[in-house]
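K.L.:
I am attaching a structure below and will ask some questions about it afterwards.
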Amino acid sequence: MEHYGLDLHGQMLLDEYRDKRPQFEQLRQVVMSKLETAVKQSGMQLDSMESRVKAEKSLAGKLQRKGHKYQSLSDITDIFGARIITFYNEDVDRISSIVETLFDIDWPNSVDKRKMHQFDSFGYNSLHYICRVPRQLYFDPEHPGLNDLPFELQMRTALQHVWSAIQHDIGYKTDIETPMEYHRDLSRLAGLLELADNEFSRIRKSISDYRHRARNLMEDGKFDEVPLDGDTFRSYLNMHPFAKLNQRIAAITQAEFYPGSFIPFLRVLRQLLGLNTLADVERMIRELREDAYQLALSQLGATDIDILADTIGLQNLCVVAILKAGGGRNGVRNMFDIINGPSPHNEYMADVLVKQASKLSFMSQ
């Protein structure tokens, strides 16, 4: 067993740590399990959660430096510590709310470094809670002392975490230990990162507001006010706008559907067909659905195909729109290139579809 040159008091604390280390490992498993379950239930996306039980050598070094500060092992609150890293500032508050619900917080010894407002404090802007596991959350009769063991939870954003790691790597602490020219440079960078942290939150809020407004407009049927983009198209698909056309097509051969990907069609709608709003898509469905059905009838009428991709209705609408606009075989092939990626097979499919469509009434209009 290694000796570290500790005084008697320090050695007694280290011996107690050695005895209790299995309990700290058990504490780590309990805490991380409870946290992971609670975060999953919240639906929040985190950058990471990490934890550790302080290594013996690390604790011995701490006792060598300032062992006189600790009357007992329970005064050392970071023997087990965990760090929760979020993507956004406001999620630090959400995490802290979860932590407060799960654990008993030692408020006098906890600190919110985000509220210190020092001009060079960005890298230290963590929220630090000293916690204990309450008996109603977890209790092991064989190790009742586990509930008395303190532990530290640090909560910070990913940018704060990266900046803190960089500061540690380059040995930066204060302007006293670092030449002023480097201190000023680092402080400017800290300010930029703090601005970036705030801007990420602002942009996320703006995007969330945009999506909410778009959903409300769709629910009110105001499709002409909703731009056609990735977000709105996904929400629009949740309304199953092609379902009625698909049902008619499926009835031709009593077919069933398997799920396909609608998202590649967004480029077709915007780039090949020039649609700009959801009202344009609604108009296309309304004006071309009969022609799209007739095209499906020519495709399937003489077959016994009993399984179809659920994108067939939208695909046929696009084919009809391309052909009626004069896009011809090349336009249909370009559609398949966008949806499936460039392939010689796309030319074959375009030829087949154009041949099937050539006999339909809409081609002579």
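Labeling convention for the structure tokens: chains A, B, ... as they appear, residues from 1 per chain, ligands from 1 in order of appearance.
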List the neighbours of stretch 290-296 of chain A out to 6 Å using only C-alpha atoms; skip same-chain residues closer than 3 positions along the sequence, and give me the result as an MDAnalysis selection string.

P.N.:
chainID A and resid 299:300 316:317

K.L.:
For stretch 211-248 of chain A versus stretch 269-287 of chain A, which residues have an atom no more than 9 Å away, and what is each residue's nearest atom pair and distance in Å rounded to one decimal, using only C-alpha atoms, chain-then-number order, as JSON lines?

P.N.:
{"residue": "A:Met218", "atom": "CA", "partner": "A:Leu278", "partner_atom": "CA", "distance": 8.6}
{"residue": "A:Lys222", "atom": "CA", "partner": "A:Ala279", "partner_atom": "CA", "distance": 7.9}
{"residue": "A:Phe223", "atom": "CA", "partner": "A:Ala279", "partner_atom": "CA", "distance": 4.6}
{"residue": "A:Asp224", "atom": "CA", "partner": "A:Ala279", "partner_atom": "CA", "distance": 4.6}
{"residue": "A:Glu225", "atom": "CA", "partner": "A:Thr277", "partner_atom": "CA", "distance": 7.2}
{"residue": "A:Val226", "atom": "CA", "partner": "A:Thr277", "partner_atom": "CA", "distance": 5.6}
{"residue": "A:Pro227", "atom": "CA", "partner": "A:Thr277", "partner_atom": "CA", "distance": 4.3}
{"residue": "A:Leu228", "atom": "CA", "partner": "A:Thr277", "partner_atom": "CA", "distance": 4.5}
{"residue": "A:Asp229", "atom": "CA", "partner": "A:Thr277", "partner_atom": "CA", "distance": 8.2}
{"residue": "A:Thr232", "atom": "CA", "partner": "A:Leu278", "partner_atom": "CA", "distance": 8.0}
{"residue": "A:Phe233", "atom": "CA", "partner": "A:Leu278", "partner_atom": "CA", "distance": 7.8}
{"residue": "A:Tyr236", "atom": "CA", "partner": "A:Leu278", "partner_atom": "CA", "distance": 7.9}
{"residue": "A:Pro241", "atom": "CA", "partner": "A:Glu282", "partner_atom": "CA", "distance": 8.1}
{"residue": "A:Phe242", "atom": "CA", "partner": "A:Ile285", "partner_atom": "CA", "distance": 7.8}
{"residue": "A:Leu245", "atom": "CA", "partner": "A:Ile285", "partner_atom": "CA", "distance": 8.7}

K.L.:
Mind checking DSSP for stretch 126-301 of chain A and telling me the alpha helix (DSSP H) residues as a PyMOL selection string?

P.N.:
chain A and resi 158-170+180-219+230-237+243-253+265-267+278-300

K.L.:
Taking 5 positions as the minimum chain separation for residues in the same chain, which residues sit within 12 Å of A:Pro144 when counting only C-alpha atoms? Answer as a PyMOL selection string.

P.N.:
chain A and resi 23+26-27+133-135+138-139+149

K.L.:
I need the chosen residues saved as a PDB file, in the first residue's frame, with N, CA, C and O atoms.

P.N.:
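Final output, selection.pdb:
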ATOM      1  N   GLN A  23     -18.355   1.964  -1.369  1.00  0.00           N
ATOM      2  CA  GLN A  23     -19.621   2.686  -1.224  1.00  0.00           C
ATOM      3  C   GLN A  23     -19.699   3.860  -2.194  1.00  0.00           C
ATOM      4  O   GLN A  23     -20.765   4.156  -2.751  1.00  0.00           O
ATOM      5  N   GLN A  26     -20.606   2.457  -5.466  1.00  0.00           N
ATOM      6  CA  GLN A  26     -22.038   2.147  -5.471  1.00  0.00           C
ATOM      7  C   GLN A  26     -22.857   3.432  -5.608  1.00  0.00           C
ATOM      8  O   GLN A  26     -23.846   3.484  -6.348  1.00  0.00           O
ATOM      9  N   LEU A  27     -22.439   4.472  -4.892  1.00  0.00           N
ATOM     10  CA  LEU A  27     -23.109   5.767  -4.987  1.00  0.00           C
ATOM     11  C   LEU A  27     -23.084   6.271  -6.431  1.00  0.00           C
ATOM     12  O   LEU A  27     -24.094   6.786  -6.942  1.00  0.00           O
ATOM     13  N   VAL A 133     -28.082  11.501  -1.603  1.00  0.00           N
ATOM     14  CA  VAL A 133     -29.209  10.693  -2.080  1.00  0.00           C
ATOM     15  C   VAL A 133     -30.204  10.514  -0.946  1.00  0.00           C
ATOM     16  O   VAL A 133     -29.855   9.959   0.106  1.00  0.00           O
ATOM     17  N   PRO A 134     -31.440  10.987  -1.104  1.00  0.00           N
ATOM     18  CA  PRO A 134     -32.438  10.801  -0.053  1.00  0.00           C
ATOM     19  C   PRO A 134     -32.879   9.349   0.050  1.00  0.00           C
ATOM     20  O   PRO A 134     -32.859   8.613  -0.951  1.00  0.00           O
ATOM     21  N   ARG A 135     -33.275   8.939   1.225  1.00  0.00           N
ATOM     22  CA  ARG A 135     -33.658   7.539   1.435  1.00  0.00           C
ATOM     23  C   ARG A 135     -34.877   7.145   0.618  1.00  0.00           C
ATOM     24  O   ARG A 135     -34.998   5.995   0.201  1.00  0.00           O
ATOM     25  N   TYR A 138     -33.446   6.066  -2.794  1.00  0.00           N
ATOM     26  CA  TYR A 138     -32.672   4.812  -2.785  1.00  0.00           C
ATOM     27  C   TYR A 138     -32.165   4.563  -1.372  1.00  0.00           C
ATOM     28  O   TYR A 138     -31.669   5.476  -0.705  1.00  0.00           O
ATOM     29  N   PHE A 139     -32.300   3.320  -0.936  1.00  0.00           N
ATOM     30  CA  PHE A 139     -31.764   2.948   0.368  1.00  0.00           C
ATOM     31  C   PHE A 139     -31.334   1.498   0.328  1.00  0.00           C
ATOM     32  O   PHE A 139     -32.071   0.628  -0.125  1.00  0.00           O
ATOM     33  N   LEU A 149     -23.249  10.130   2.244  1.00  0.00           N
ATOM     34  CA  LEU A 149     -22.068  10.521   1.473  1.00  0.00           C
ATOM     35  C   LEU A 149     -22.411  11.699   0.551  1.00  0.00           C
ATOM     36  O   LEU A 149     -23.314  11.613  -0.265  1.00  0.00           O
TER      37      LEU A 149
END

K.L.:
Given only C-alpha atoms as the basis, pick out the residue of A:Asn334, A:Ser42, A:Ser208, A:Thr253 nearest to A:Asp231.

P.N.:
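That would be A:Ser208, the residue with the smallest distance to A:Asp231.
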